[in-house]
file my_file10.csv (CSV, C-alpha atoms and all ligand atoms)
chain,number,residue,atom,x,y,z
F,21,MET,CA,58.1,104.3,94.1
F,22,SER,CA,61.4,103.7,92.4
F,23,PRO,CA,64.3,106.0,93.4
F,24,PRO,CA,65.4,108.8,91.1
F,25,ARG,CA,67.9,107.6,88.5
F,26,ILE,CA,71.2,109.5,88.0
F,27,LEU,CA,73.5,109.2,85.0
F,28,VAL,CA,77.0,109.3,86.6
F,29,THR,CA,80.1,109.5,84.5
F,30,GLY,CA,83.5,108.3,85.7
F,31,HIS,CA,81.9,105.9,88.2
F,32,LEU,CA,84.9,103.6,88.1
F,33,GLY,CA,87.3,106.4,89.1
F,34,PHE,CA,88.3,107.9,92.4
F,35,ILE,CA,85.6,110.5,93.2
F,36,GLY,CA,82.8,109.0,91.0
F,37,SER,CA,83.1,105.6,92.8
F,38,ASN,CA,83.0,107.2,96.2
F,39,PHE,CA,79.9,109.2,95.1
F,40,CYS,CA,78.1,106.0,94.1
F,41,ARG,CA,79.0,104.3,97.4
F,42,LEU,CA,77.9,107.3,99.4
F,43,PHE,CA,74.5,107.7,97.7
F,44,ALA,CA,73.8,104.1,96.8
F,45,ASN,CA,70.7,104.0,99.0
F,46,ARG,CA,69.2,107.1,97.6
F,47,TYR,CA,69.5,106.7,93.8
F,48,SER,CA,69.7,104.2,91.1
F,49,PHE,CA,72.8,104.9,89.0
F,50,VAL,CA,73.6,104.3,85.4
F,51,GLY,CA,77.3,104.8,85.0
F,52,ILE,CA,79.4,105.6,81.9
F,53,ASP,CA,83.2,105.0,82.1
F,54,TYR,CA,85.6,103.9,79.4
F,55,ARG,CA,87.9,102.2,81.9
F,56,GLY,CA,90.8,104.6,81.2
F,57,TRP,CA,93.5,106.0,83.5
F,58,GLY,CA,92.1,106.4,87.1
F,59,SER,CA,89.6,103.5,86.8
F,60,LEU,CA,89.5,100.0,88.1
F,61,PRO,CA,86.6,97.6,87.4
F,62,ARG,CA,86.7,96.5,91.1
F,63,ASN,CA,85.6,100.1,92.0
F,64,LEU,CA,82.2,99.3,90.6
F,65,GLU,CA,79.6,99.8,93.3
F,66,PRO,CA,77.1,96.9,93.4
F,67,GLY,CA,73.8,97.8,91.6
F,68,VAL,CA,75.3,100.4,89.3
F,69,GLU,CA,74.6,99.8,85.6
F,70,ASP,CA,78.1,99.8,84.1
F,71,LEU,CA,78.3,101.1,80.5
F,72,ASN,CA,81.8,101.0,78.9
F,73,VAL,CA,81.6,103.8,76.4
F,74,ASP,CA,83.9,106.8,75.5
F,75,LEU,CA,81.9,110.0,76.2
F,76,ALA,CA,83.6,111.7,73.3
F,77,ASP,CA,81.9,109.2,70.9
F,78,GLU,CA,78.5,110.9,70.8
F,79,THR,CA,76.9,108.2,68.6
F,80,ARG,CA,77.9,105.4,70.9
F,81,VAL,CA,76.8,107.2,74.0
F,82,ARG,CA,73.3,107.8,72.5
F,83,GLU,CA,73.0,104.1,71.5
F,84,ALA,CA,74.1,103.0,75.0
F,85,LEU,CA,71.6,105.3,76.7
F,86,ALA,CA,68.7,104.8,74.4
F,87,ARG,CA,67.0,102.3,76.7
F,88,PHE,CA,67.6,104.4,79.9
F,89,ARG,CA,65.5,107.1,81.5
F,90,PHE,CA,67.4,109.4,83.9
F,91,ASP,CA,66.5,112.4,86.0
F,92,ALA,CA,69.9,114.1,86.2
F,93,ILE,CA,73.6,113.8,85.1
F,94,VAL,CA,76.5,114.1,87.5
F,95,HIS,CA,79.6,114.4,85.4
F,96,PHE,CA,82.9,113.3,87.1
F,97,ALA,CA,84.6,111.6,84.1
F,98,ALA,CA,87.8,113.4,83.0
F,99,GLU,CA,91.4,112.8,82.3
F,100,SER,CA,92.8,114.2,85.5
F,101,HIS,CA,96.5,113.7,85.9
F,102,VAL,CA,98.6,116.9,85.4
F,103,ASP,CA,101.9,115.2,84.6
F,104,ARG,CA,100.3,113.1,81.9
F,105,SER,CA,98.6,116.2,80.4
F,106,ILE,CA,102.1,117.8,80.1
F,107,GLN,CA,103.4,114.7,78.3
F,108,ASP,CA,100.5,114.4,75.9
F,109,ASP,CA,97.2,116.3,76.2
F,110,ARG,CA,95.3,114.8,73.3
F,111,HIS,CA,93.1,112.5,75.5
F,112,PHE,CA,92.5,115.5,77.8
F,113,TRP,CA,90.8,117.5,75.0
F,114,SER,CA,88.9,114.5,73.8
F,115,SER,CA,87.5,113.4,77.2
F,116,ASN,CA,87.3,116.7,79.1
F,117,VAL,CA,85.9,118.9,76.3
F,118,TYR,CA,84.3,116.6,73.6
F,119,GLY,CA,83.1,114.2,76.3
F,120,THR,CA,81.5,117.1,78.2
F,121,ARG,CA,80.0,118.4,74.9
F,122,THR,CA,78.1,115.1,74.5
F,123,LEU,CA,76.6,115.5,78.0
F,124,ALA,CA,75.6,119.1,77.4
F,125,LYS,CA,73.6,118.0,74.3
F,126,LEU,CA,72.0,115.1,76.2
F,127,ALA,CA,71.0,117.3,79.2
F,128,GLY,CA,69.3,119.8,76.8
F,129,GLU,CA,67.4,117.1,74.9
F,130,ARG,CA,66.3,115.1,77.9
F,131,LYS,CA,65.6,118.3,79.9
F,132,VAL,CA,67.6,117.1,82.9
F,133,ARG,CA,70.1,118.9,85.2
F,134,LEU,CA,73.8,118.5,84.4
F,135,VAL,CA,76.2,118.9,87.3
F,136,HIS,CA,79.6,119.5,85.9
F,137,VAL,CA,82.4,118.6,88.3
F,138,SER,CA,85.3,121.0,87.7
F,139,THR,CA,88.3,121.9,89.7
F,140,ASP,CA,90.0,124.8,91.6
F,141,GLU,CA,92.9,124.4,89.2
F,142,VAL,CA,91.0,126.5,86.6
F,143,TYR,CA,91.9,129.6,88.8
F,144,GLY,CA,95.6,129.0,88.3
F,145,ASP,CA,98.1,129.8,91.0
F,146,ALA,CA,97.2,132.0,94.1
F,147,LEU,CA,100.8,132.6,95.2
F,148,GLU,CA,100.5,136.3,94.4
F,149,SER,CA,96.8,136.6,95.3
F,150,GLN,CA,95.7,139.0,98.0
F,151,ALA,CA,92.4,137.1,98.7
F,152,ALA,CA,91.0,133.6,98.3
F,153,TRP,CA,89.3,132.9,95.0
F,154,THR,CA,85.6,133.4,94.8
F,155,GLU,CA,83.5,132.2,91.9
F,156,ALA,CA,83.8,135.7,90.4
F,157,SER,CA,87.6,135.5,90.3
F,158,ALA,CA,89.3,135.3,86.9
F,159,THR,CA,90.3,131.8,85.6
F,160,ARG,CA,94.0,131.5,84.6
F,161,PRO,CA,94.7,127.8,84.2
F,162,GLN,CA,98.4,127.0,84.1
F,163,ASN,CA,98.7,123.4,82.8
F,164,PRO,CA,97.1,121.5,79.9
F,165,TYR,CA,94.8,119.5,82.3
F,166,SER,CA,93.3,122.7,83.9
F,167,VAL,CA,93.1,124.4,80.5
F,168,THR,CA,90.8,121.6,79.2
F,169,LYS,CA,88.7,121.8,82.4
F,170,ALA,CA,88.4,125.6,82.0
F,171,ALA,CA,87.6,125.2,78.3
F,172,ALA,CA,84.8,122.7,79.2
F,173,GLU,CA,83.3,125.2,81.7
F,174,MET,CA,83.4,128.0,79.1
F,175,MET,CA,81.8,125.8,76.5
F,176,LEU,CA,79.0,124.8,78.8
F,177,LEU,CA,78.2,128.3,79.8
F,178,ALA,CA,78.2,129.5,76.1
F,179,TYR,CA,76.0,126.6,75.0
F,180,ARG,CA,73.6,127.4,77.9
F,181,ARG,CA,73.4,131.0,76.7
F,182,ALA,CA,72.5,130.0,73.2
F,183,THR,CA,70.2,127.1,74.1
F,184,PRO,CA,69.2,127.2,77.8
F,185,PHE,CA,69.5,124.0,79.7
F,186,ASP,CA,69.8,123.2,83.4
F,187,LEU,CA,73.5,123.4,84.4
F,188,VAL,CA,75.4,123.7,87.7
F,189,ILE,CA,79.2,123.8,87.9
F,190,THR,CA,81.2,122.8,91.0
F,191,ARG,CA,84.9,123.6,91.4
F,192,GLY,CA,86.4,121.1,93.9
F,193,ALA,CA,89.6,121.5,95.9
F,194,ASN,CA,92.5,119.0,96.1
F,195,THR,CA,90.7,115.8,97.1
F,196,ILE,CA,92.0,112.7,99.0
F,197,GLY,CA,90.5,109.5,100.1
F,198,PRO,CA,90.2,105.8,99.2
F,199,ARG,CA,90.6,104.6,95.6
F,200,GLN,CA,92.8,107.4,94.2
F,201,PHE,CA,95.4,106.2,91.7
F,202,PRO,CA,98.9,105.9,93.1
F,203,GLU,CA,100.4,108.5,90.8
F,204,LYS,CA,98.6,111.2,93.0
F,205,ALA,CA,100.6,112.4,96.0
F,206,LEU,CA,98.9,110.7,99.0
F,207,PRO,CA,98.5,107.1,97.7
F,208,LYS,CA,101.9,107.3,96.1
F,209,ALA,CA,103.4,108.3,99.4
F,210,VAL,CA,101.7,105.4,101.2
F,211,ASP,CA,102.8,103.0,98.6
F,212,SER,CA,106.4,104.3,98.7
F,213,PHE,CA,106.7,104.4,102.5
F,214,ALA,CA,105.0,101.0,102.9
F,215,LYS,CA,107.6,99.5,100.4
F,216,GLY,CA,110.5,101.2,102.2
F,217,ARG,CA,111.1,103.4,99.1
F,218,SER,CA,111.7,107.2,99.3
F,219,PHE,CA,108.9,109.5,98.2
F,220,PRO,CA,109.9,112.1,95.6
F,221,LEU,CA,108.8,115.5,96.9
F,222,TYR,CA,108.9,118.6,94.7
F,223,ARG,CA,111.5,121.0,96.0
F,224,THR,CA,109.5,124.2,96.2
F,225,PRO,CA,107.0,124.2,99.1
F,226,ALA,CA,103.4,124.2,97.8
F,227,ARG,CA,100.2,124.6,99.7
F,228,ARG,CA,96.9,122.8,99.0
F,229,MET,CA,93.5,122.9,100.5
F,230,TRP,CA,93.0,119.2,101.5
F,231,LEU,CA,89.4,118.0,101.0
F,232,TYR,CA,88.2,114.6,102.1
F,233,VAL,CA,86.4,112.8,99.2
F,234,ASP,CA,83.1,112.3,101.2
F,235,ASP,CA,83.0,116.1,101.8
F,236,HIS,CA,83.6,116.6,98.0
F,237,CYS,CA,80.8,114.2,97.1
F,238,ARG,CA,78.4,115.8,99.5
F,239,GLY,CA,79.2,119.2,98.0
F,240,VAL,CA,78.4,117.9,94.5
F,241,HIS,CA,75.2,116.4,95.8
F,242,ALA,CA,74.2,119.6,97.5
F,243,ALA,CA,74.8,121.4,94.1
F,244,LEU,CA,72.6,118.7,92.4
F,245,GLU,CA,69.8,119.2,94.9
F,246,LYS,CA,70.0,122.9,95.7
F,247,GLY,CA,72.2,124.6,93.1
F,248,VAL,CA,70.8,127.5,91.1
F,249,SER,CA,70.9,126.8,87.4
F,250,GLY,CA,73.7,128.6,85.6
F,251,GLU,CA,75.7,129.1,88.9
F,252,ILE,CA,79.2,128.0,89.9
F,253,TYR,CA,80.1,126.8,93.4
F,254,ASN,CA,83.5,126.4,95.0
F,255,ILE,CA,83.7,123.2,97.0
F,256,GLY,CA,86.6,123.5,99.3
F,257,PRO,CA,87.5,122.6,102.9
F,258,ARG,CA,87.6,125.0,105.8
F,259,PRO,CA,90.6,127.5,105.7
F,260,GLU,CA,92.5,125.6,108.3
F,261,ASN,CA,92.8,122.6,105.9
F,262,GLU,CA,95.2,124.7,103.8
F,263,VAL,CA,98.5,122.9,104.6
F,264,TYR,CA,101.9,122.6,102.9
F,265,THR,CA,102.3,119.3,101.0
F,266,HIS,CA,105.5,118.4,102.9
F,267,GLU,CA,103.6,118.6,106.2
F,268,VAL,CA,100.9,116.3,104.8
F,269,ILE,CA,103.5,113.9,103.5
F,270,GLU,CA,105.3,113.8,106.9
F,271,HIS,CA,101.9,113.0,108.5
F,272,VAL,CA,101.5,110.1,106.1
F,273,ARG,CA,105.1,108.9,106.8
F,274,LYS,CA,104.4,108.8,110.5
F,275,ARG,CA,101.1,107.1,110.0
F,276,VAL,CA,102.7,104.4,107.9
F,277,GLY,CA,105.5,104.1,110.4
F,278,ARG,CA,108.5,104.1,108.1
F,279,GLY,CA,110.0,105.5,104.9
F,280,ASN,CA,111.8,108.7,103.8
F,281,VAL,CA,111.4,111.6,101.5
F,282,GLN,CA,113.7,112.7,98.7
F,283,GLU,CA,113.5,116.2,97.2
F,284,VAL,CA,113.3,116.4,93.4
F,285,GLU,CA,112.9,119.1,90.8
F,286,ASP,CA,109.5,120.7,90.5
F,287,ARG,CA,107.2,119.5,87.7
F,288,LYS,CA,106.8,122.0,84.8
F,289,GLY,CA,103.9,124.4,85.5
F,290,TYR,CA,103.9,123.5,89.2
F,291,ASP,CA,101.2,125.6,91.0
F,292,LEU,CA,102.3,126.6,94.4
F,293,ARG,CA,99.0,127.6,96.0
F,294,TYR,CA,95.3,127.0,95.4
F,295,TRP,CA,93.3,129.2,97.7
F,296,MET,CA,89.6,129.0,97.5
F,297,ASP,CA,86.7,130.7,99.4
F,298,SER,CA,83.7,128.3,99.6
F,299,SER,CA,81.3,130.6,101.5
F,300,LYS,CA,78.9,130.7,98.6
F,301,ALA,CA,78.3,127.0,98.9
F,302,LYS,CA,77.7,127.3,102.6
F,303,ARG,CA,75.3,130.2,102.1
F,304,GLU,CA,73.3,129.0,99.1
F,305,LEU,CA,73.6,125.2,99.3
F,306,GLY,CA,73.8,124.7,103.1
F,307,TRP,CA,77.0,122.7,102.5
F,308,GLU,CA,80.2,122.9,104.4
F,309,ALA,CA,83.2,120.5,104.5
F,310,GLU,CA,83.5,118.7,107.8
F,311,VAL,CA,86.6,116.6,107.9
F,312,ALA,CA,89.8,118.1,109.3
F,313,TRP,CA,92.9,117.5,107.2
F,314,GLN,CA,94.6,115.2,109.8
F,315,ALA,CA,91.5,113.0,109.9
F,316,ALA,CA,91.2,113.0,106.1
F,317,VAL,CA,94.8,111.9,105.8
F,318,ASP,CA,94.5,109.2,108.5
F,319,ARG,CA,91.3,107.7,107.0
F,320,SER,CA,92.9,107.6,103.6
F,321,VAL,CA,96.2,106.1,104.8
F,322,ASP,CA,94.4,103.5,106.8
F,323,TRP,CA,92.3,102.5,103.8
F,324,TYR,CA,95.3,102.0,101.5
F,325,LEU,CA,97.1,100.0,104.2
F,326,ALA,CA,94.0,97.8,104.7
F,327,ASN,CA,93.7,97.3,100.9
F,328,PRO,CA,97.2,96.4,99.6
F,329,ASP,CA,95.6,94.4,96.7
F,330,TRP,CA,93.8,97.4,95.4
F,331,LEU,CA,97.0,99.5,95.6
F,332,ALA,CA,99.0,96.8,93.8
F,333,GLU,CA,96.4,96.5,91.0
F,334,ALA,CA,96.1,100.3,90.6
F,335,GLY,CA,99.9,100.6,90.6
F,336,ARG,CA,100.1,98.0,87.7
F,337,ARG,CA,97.4,99.9,85.7
F,338,SER,CA,99.0,103.3,86.1
F,339,ASP,CA,102.5,102.1,85.0
C,401,LIG,N1,91.0,114.4,92.4
C,401,LIG,C1,90.9,115.6,92.7
C,401,LIG,O1,91.7,116.1,93.6
C,401,LIG,C2,89.9,116.6,92.1
C,401,LIG,C3,89.7,117.8,92.6
C,401,LIG,C4,88.8,118.7,92.0
C,401,LIG,C5,88.1,118.2,90.9
C,401,LIG,N2,88.3,117.0,90.4
C,401,LIG,C6,87.5,116.6,89.2
C,401,LIG,O2,86.7,115.5,89.7
C,401,LIG,C7,86.5,114.6,88.6
C,401,LIG,C8,86.8,113.2,89.0
C,401,LIG,O3,88.2,113.2,89.3
C,401,LIG,P1,88.9,111.8,89.8
C,401,LIG,O4,90.1,112.3,90.7
C,401,LIG,O5,87.9,110.9,90.4
C,401,LIG,O6,89.5,111.3,88.5
C,401,LIG,P2,89.9,109.8,88.1
C,401,LIG,O7,91.0,109.9,87.1
C,401,LIG,O8,90.2,109.0,89.3
C,401,LIG,O9,88.6,109.2,87.4
C,401,LIG,C9,88.1,109.6,86.2
C,401,LIG,C10,87.3,108.6,85.5
C,401,LIG,O10,86.7,109.1,84.3
C,401,LIG,C11,86.8,108.1,83.3
C,401,LIG,N3,86.9,108.7,82.0
C,401,LIG,C12,87.8,109.6,81.6
C,401,LIG,N4,87.6,110.0,80.3
C,401,LIG,C13,86.5,109.3,79.9
C,401,LIG,C14,85.7,109.3,78.7
C,401,LIG,N5,86.1,110.0,77.6
C,401,LIG,N6,84.6,108.5,78.7
C,401,LIG,C15,84.3,107.7,79.7
C,401,LIG,N7,84.9,107.7,80.9
C,401,LIG,C16,86.0,108.5,81.0
C,401,LIG,C17,88.1,107.3,83.7
C,401,LIG,O11,88.1,106.0,83.1
C,401,LIG,C18,88.1,107.3,85.2
C,401,LIG,O12,87.4,106.2,85.7
C,401,LIG,C19,87.3,115.1,87.4
C,401,LIG,O13,86.4,115.8,86.5
C,401,LIG,C20,88.3,116.1,88.0
C,401,LIG,O14,88.6,117.1,87.1
C,401,LIG,C21,89.2,116.1,91.0

call {"tool": "encode", "arguments": {"input": "my_file10.csv", "output": "structure tokens", "more": "lines below"}}
Ligand SMILES: NC(=O)c1ccc[n+]([C@@H]2O[C@H](COP(=O)([O-])OP(=O)(O)OC[C@H]3O[C@@H](n4cnc5c(N)ncnc54)[C@H](O)[C@@H]3O)[C@@H](O)[C@H]2O)c1
result
Amino acid sequence: MSPPRILVTGHLGFIGSNFCRLFANRYSFVGIDYRGWGSLPRNLEPGVEDLNVDLADETRVREALARFRFDAIVHFAAESHVDRSIQDDRHFWSSNVYGTRTLAKLAGERKVRLVHVSTDEVYGDALESQAAWTEASATRPQNPYSVTKAAAEMMLLAYRRATPFDLVITRGANTIGPRQFPEKALPKAVDSFAKGRSFPLYRTPARRMWLYVDDHCRGVHAALEKGVSGEIYNIGPRPENEVYTHEVIEHVRKRVGRGNVQEVEDRKGYDLRYWMDSSKAKRELGWEAEVAWQAAVDRSVDWYLANPDWLAEAGRRSD
């Protein structure tokens, strides 16, 4: 019997490529990725059908998929870099909202489950919060990227109310691991330290819940297999993985063995704390993150140091 086929979007980006690698033996994948920011062709997992299409172009997506049957959609593709969204958010609306709209329509027509991969950034900033966010907490996105992610979620839930289709939403925490573009903090720190340059650290201390990419992918997979339709699941690490960014960067610096840090002005709309409770996913999906933050950082740093060609190519593409 042939394995179930999953339509995966953003399979050439950071989390999507790791998802394909992790579950390559279990599924056959058809991938859609328009080779934008965050993607590298060399991230393509062998055996994945690679369709170079913009999800926002509904007509072209339909043409490209006409010859494929698939059993579910796992939707990673998004414009995901906060600083870029602050400079110009047009592509963010196009990919994150219109792209998602195309997939909602397809999921309804083909009667397949859509797992929409969203982010803890939709909750906003937890600095003043008294308790960790649950899925029932209000969403208060604070930058253009997270606004488009929250808009996509609202659109999906409203579409589902009007025309029921099988939808599960995951809200992932700050993720690290191999194949993340070097504009994001951890690979940027490795790159800077390895080249003997200083790493620009935002002045105000900020906390993040550091989630290893394999844990994130397993959480998304648990939502695909066991999620209740219409539900949202927080996919975050254990509480002890909540650590200040400057501590993580110092851990990276020691692991690389050289380099220094230079404090710089905070970015506009800089969120100081993301604080998420993932007990619903543990209770209802049987999923729990496993990797401690130190191990997650070590594995990530070691991968970048062992793959300098990848880092150099990604650095050229993100310039
Ligand atoms: N990285 C994190 O820390 C994190 C945390 C929580 C949630 N998420 C979510 O996970 C998903 C994946 O994030 P990532 O870090 O892997 O991002 P990424 O930027 O590394 O990869 C995104 C991929 O989507 C593709 N893409 C973007 N717009 C597209 C379009 N219109 N049509 C086709 N392809 C398109 C890009 O080419 C790229 O390959 C995103 O939805 C993001 O919001 C990320």

call {"tool": "closest_residue", "arguments": {"input": "my_file10.csv", "among": "F:Asp91, F:Glu148, F:Glu83, F:Glu173", "to": "ligand LIG 401 (chain C)", "atoms": "only C-alpha atoms and all ligand atoms"}}
result
F:Glu173

call {"tool": "residues_near_ligand", "arguments": {"input": "my_file10.csv", "ligand": "ligand LIG 401 (chain C)", "cutoff": "6 Å", "atoms": "all atoms listed in the file", "output": "short mmCIF file (atom, residue, chain, number, x, y, z; two decimals) with C-alpha atoms, in the coordinates of the input"}}
result
data_model
loop_
_atom_site.label_atom_id
_atom_site.label_comp_id
_atom_site.auth_asym_id
_atom_site.auth_seq_id
_atom_site.Cartn_x
_atom_site.Cartn_y
_atom_site.Cartn_z
CA GLY F 30 83.50 108.30 85.70
CA LEU F 32 84.90 103.60 88.10
CA GLY F 33 87.30 106.40 89.10
CA PHE F 34 88.30 107.90 92.40
CA ILE F 35 85.60 110.50 93.20
CA GLY F 36 82.80 109.00 91.00
CA ILE F 52 79.40 105.60 81.90
CA ASP F 53 83.20 105.00 82.10
CA TYR F 54 85.60 103.90 79.40
CA ARG F 55 87.90 102.20 81.90
CA GLY F 56 90.80 104.60 81.20
CA TRP F 57 93.50 106.00 83.50
CA GLY F 58 92.10 106.40 87.10
CA SER F 59 89.60 103.50 86.80
CA VAL F 73 81.60 103.80 76.40
CA ASP F 74 83.90 106.80 75.50
CA LEU F 75 81.90 110.00 76.20
CA ALA F 76 83.60 111.70 73.30
CA PHE F 96 82.90 113.30 87.10
CA ALA F 97 84.60 111.60 84.10
CA ALA F 98 87.80 113.40 83.00
CA GLU F 99 91.40 112.80 82.30
CA SER F 100 92.80 114.20 85.50
CA SER F 115 87.50 113.40 77.20
CA GLY F 119 83.10 114.20 76.30
CA VAL F 137 82.40 118.60 88.30
CA SER F 138 85.30 121.00 87.70
CA THR F 139 88.30 121.90 89.70
CA GLY F 192 86.40 121.10 93.90
CA ALA F 193 89.60 121.50 95.90
CA ASN F 194 92.50 119.00 96.10
CA THR F 195 90.70 115.80 97.10
CA GLN F 200 92.80 107.40 94.20
#

call {"tool": "residues_near_point", "arguments": {"input": "my_file10.csv", "point": "(91.9, 132.5, 96.8)", "cutoff": "12 Å", "atoms": "only C-alpha atoms", "output": "VMD selection string"}}
result
chain F and resid 140 to 159 193 227 to 229 254 256 259 262 293 to 299

call {"tool": "residues_around", "arguments": {"input": "my_file10.csv", "residues": "Glu203 in chain F", "least_positions_apart": "3", "cutoff": "12 Å", "atoms": "all atoms listed in the file", "output": "count of residues only"}}
result
25

call {"tool": "closest_residue", "arguments": {"input": "my_file10.csv", "among": "F:Val117, F:Val167, F:Val50, F:Ala309", "to": "Phe88 in chain F", "atoms": "only C-alpha atoms"}}
result
F:Val50

call {"tool": "residues_around", "arguments": {"input": "my_file10.csv", "residues": "Asp109 in chain F", "least_positions_apart": "6", "cutoff": "9 Å", "atoms": "only C-alpha atoms", "output": "PyMOL selection string"}}
result
chain F and resi 164-165+168

call {"tool": "closest_residue", "arguments": {"input": "my_file10.csv", "among": "F:Val311, F:Leu60, F:Ala205, F:Ala84", "to": "Asn72 in chain F", "atoms": "only C-alpha atoms"}}
result
F:Ala84

call {"tool": "residues_around", "arguments": {"input": "my_file10.csv", "residues": "Asp322 in chain F", "least_positions_apart": "2", "cutoff": "10 Å", "atoms": "only C-alpha atoms", "output": "PyMOL selection string"}}
result
chain F and resi 197-198+210+272+275-276+317-320+324-327

call {"tool": "atom_distance", "arguments": {"input": "my_file10.csv", "atom1": "CA of Glu260 in chain F", "atom2": "CA of Asp235 in chain F"}}
result
14.9 Å

call {"tool": "atom_distance", "arguments": {"input": "my_file10.csv", "atom1": "CA of Pro161 in chain F", "atom2": "CA of Asp291 in chain F"}}
result
9.7 Å

call {"tool": "atom_distance", "arguments": {"input": "my_file10.csv", "atom1": "CA of Ser114 in chain F", "atom2": "CA of Ala172 in chain F"}}
result
10.6 Å

call {"tool": "closest_residue", "arguments": {"input": "my_file10.csv", "among": "F:Lys125, F:Arg217, F:His136, F:Arg181", "to": "Arg278 in chain F", "atoms": "all atoms listed in the file"}}
result
F:Arg217

call {"tool": "closest_residue", "arguments": {"input": "my_file10.csv", "among": "F:Phe39, F:Phe213, F:Tyr222, F:Tyr179", "to": "Val284 in chain F", "atoms": "only C-alpha atoms"}}
result
F:Tyr222

call {"tool": "closest_residue", "arguments": {"input": "my_file10.csv", "among": "F:Gly306, F:Pro184, F:Pro328, F:Pro257", "to": "Leu231 in chain F", "atoms": "all atoms listed in the file"}}
result
F:Pro257

call {"tool": "residues_around", "arguments": {"input": "my_file10.csv", "residues": "Pro23 in chain F", "least_positions_apart": "4", "cutoff": "8 Å", "atoms": "all atoms listed in the file", "output": "PyMOL selection string"}}
result
chain F and resi 46-48

call {"tool": "residues_around", "arguments": {"input": "my_file10.csv", "residues": "Leu123 in chain F", "least_positions_apart": "6", "cutoff": "12 Å", "atoms": "only C-alpha atoms", "output": "ChimeraX atom specification"}}
result
/F:27-29,52,74-79,81-82,85,92-97,115-117,129-136,172,175-176,179,185-187
